[in-house]
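To be precise, the following lines are start04.cif, and they hold mmCIF, C-alpha atoms.
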data_work
#
loop_
_atom_site.label_atom_id
_atom_site.label_comp_id
_atom_site.auth_asym_id
_atom_site.auth_seq_id
_atom_site.Cartn_x
_atom_site.Cartn_y
_atom_site.Cartn_z
CA MET A 10 0.00 0.00 0.00
CA ALA A 11 1.36 3.38 -0.98
CA GLU A 12 1.49 5.94 1.78
CA LEU A 13 -1.53 8.20 1.69
CA SER A 14 -1.37 11.87 2.61
CA ILE A 15 -3.91 14.60 3.25
CA GLY A 16 -5.26 15.85 -0.08
CA ASP A 17 -4.71 12.57 -1.98
CA LYS A 18 -7.58 11.39 -4.17
CA VAL A 19 -8.57 7.79 -3.38
CA ARG A 20 -11.05 5.11 -4.44
CA VAL A 21 -12.52 2.32 -2.30
CA LYS A 22 -11.28 -1.01 -3.66
CA GLU A 23 -13.77 -3.33 -5.33
CA ARG A 24 -15.27 -6.12 -3.19
CA PRO A 25 -18.22 -8.35 -4.02
CA ASN A 26 -21.50 -7.13 -2.54
CA TYR A 27 -19.90 -4.06 -0.92
CA THR A 28 -22.02 -0.96 -1.45
CA LEU A 29 -19.11 1.46 -1.12
CA SER A 30 -16.92 -0.23 -3.75
CA GLY A 31 -15.69 2.29 -6.27
CA TRP A 32 -16.60 5.35 -4.22
CA GLU A 33 -14.07 8.16 -4.49
CA GLY A 34 -12.99 10.87 -2.13
CA GLU A 35 -10.19 12.97 -0.74
CA VAL A 36 -8.05 12.11 2.28
CA VAL A 37 -8.75 14.61 5.08
CA GLU A 38 -6.96 12.84 7.97
CA VAL A 39 -4.44 10.05 8.47
CA LYS A 40 -5.04 8.50 11.90
CA GLU A 41 -2.19 7.57 14.21
CA ASP A 42 -4.53 5.92 16.72
CA PRO A 43 -5.73 3.51 15.52
CA LYS A 44 -2.83 3.27 13.10
CA GLY A 45 -3.67 2.40 9.51
CA TRP A 46 -7.04 4.17 9.37
CA ILE A 47 -7.76 6.95 6.90
CA ILE A 48 -10.58 9.52 7.02
CA ILE A 49 -11.87 10.56 3.60
CA LYS A 50 -14.47 13.07 2.48
CA ALA A 51 -16.67 11.16 0.03
CA ALA A 52 -17.18 12.95 -3.28
CA LYS A 53 -20.66 11.43 -3.66
CA THR A 54 -22.11 12.58 -0.33
CA GLY A 55 -19.65 15.00 1.25
CA TYR A 56 -19.61 12.89 4.42
CA LYS A 57 -16.40 12.02 6.24
CA MET A 58 -15.86 8.26 6.33
CA ALA A 59 -13.17 6.04 7.91
CA PHE A 60 -11.50 3.13 6.12
CA PRO A 61 -8.48 0.93 6.81
CA ASP A 62 -5.71 1.98 4.41
CA THR A 63 -5.76 -1.51 2.87
CA GLU A 64 -9.25 -0.82 1.44
CA LEU A 65 -8.20 2.32 -0.44
CA GLU A 66 -6.26 2.90 -3.62
CA LYS A 67 -4.70 6.17 -4.69
CA ILE A 68 -6.01 7.60 -7.99
#
So that I can check it, write out the structure of this file as structure tokens.
Amino acid sequence: MAELSIGDKVRVKERPNYTLSGWEGEVVEVKEDPKGWIIIKAAKTGYKMAFPDTELEKI
């Protein structure tokens, strides 16, 4: 997984039967506790959402 930074554009990785697959957004926070979690602002809704960094890909 590439390091993600604030301002990076990301996409939620594809998973079968996962509603959020393919959603895009912008990284707004990289959490230190718990480590490995990223907060994004979803382009589709404007909501802030948390994901493990392994579920995101940089675009």
Pull out every residue that the PyMOL selection byres ((chain A and resi 33) around 9) matches in the shown coordinates and put them as a PyMOL selection string.
chain A and resi 18-21+30-32+34-35+49-53+68
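Between CA of Phe60 in chain A and CA of Ser14 in chain A there is a distance of 13.8 Å.
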Between CA of Leu13 in chain A and CA of Asp62 in chain A, what is the spacing in Å?
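The value is 8.0 Å.
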Write out as a tab-separated table (two decimals) with C-alpha atoms, in the coordinates of the input each polymer residue whose atoms come within 12 Å of Lys40 in chain A, counting all atoms listed in the file; drop sequence neighbours fewer than 2 positions from it.
chain	number	residue	atom	x	y	z
A	13	LEU	CA	-1.53	8.20	1.69
A	14	SER	CA	-1.37	11.87	2.61
A	15	ILE	CA	-3.91	14.60	3.25
A	36	VAL	CA	-8.05	12.11	2.28
A	37	VAL	CA	-8.75	14.61	5.08
A	38	GLU	CA	-6.96	12.84	7.97
A	42	ASP	CA	-4.53	5.92	16.72
A	43	PRO	CA	-5.73	3.51	15.52
A	44	LYS	CA	-2.83	3.27	13.10
A	45	GLY	CA	-3.67	2.40	9.51
A	46	TRP	CA	-7.04	4.17	9.37
A	47	ILE	CA	-7.76	6.95	6.90
A	48	ILE	CA	-10.58	9.52	7.02
A	49	ILE	CA	-11.87	10.56	3.60
A	59	ALA	CA	-13.17	6.04	7.91
A	60	PHE	CA	-11.50	3.13	6.12
A	61	PRO	CA	-8.48	0.93	6.81
A	62	ASP	CA	-5.71	1.98	4.41
With all atoms of range 44-62 of chain A from the file as input, state the centre and edge lengths in Å to one decimal of the axis-aligned box that has 3 Å extra on each side, as JSON.
{"center_x": -12.5, "center_y": 8.0, "center_z": 4.7, "size_x": 25.3, "size_y": 20.1, "size_z": 22.8}
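Here CA of Arg24 in chain A stands at a distance of 25.7 Å from CA of Glu41 in chain A.
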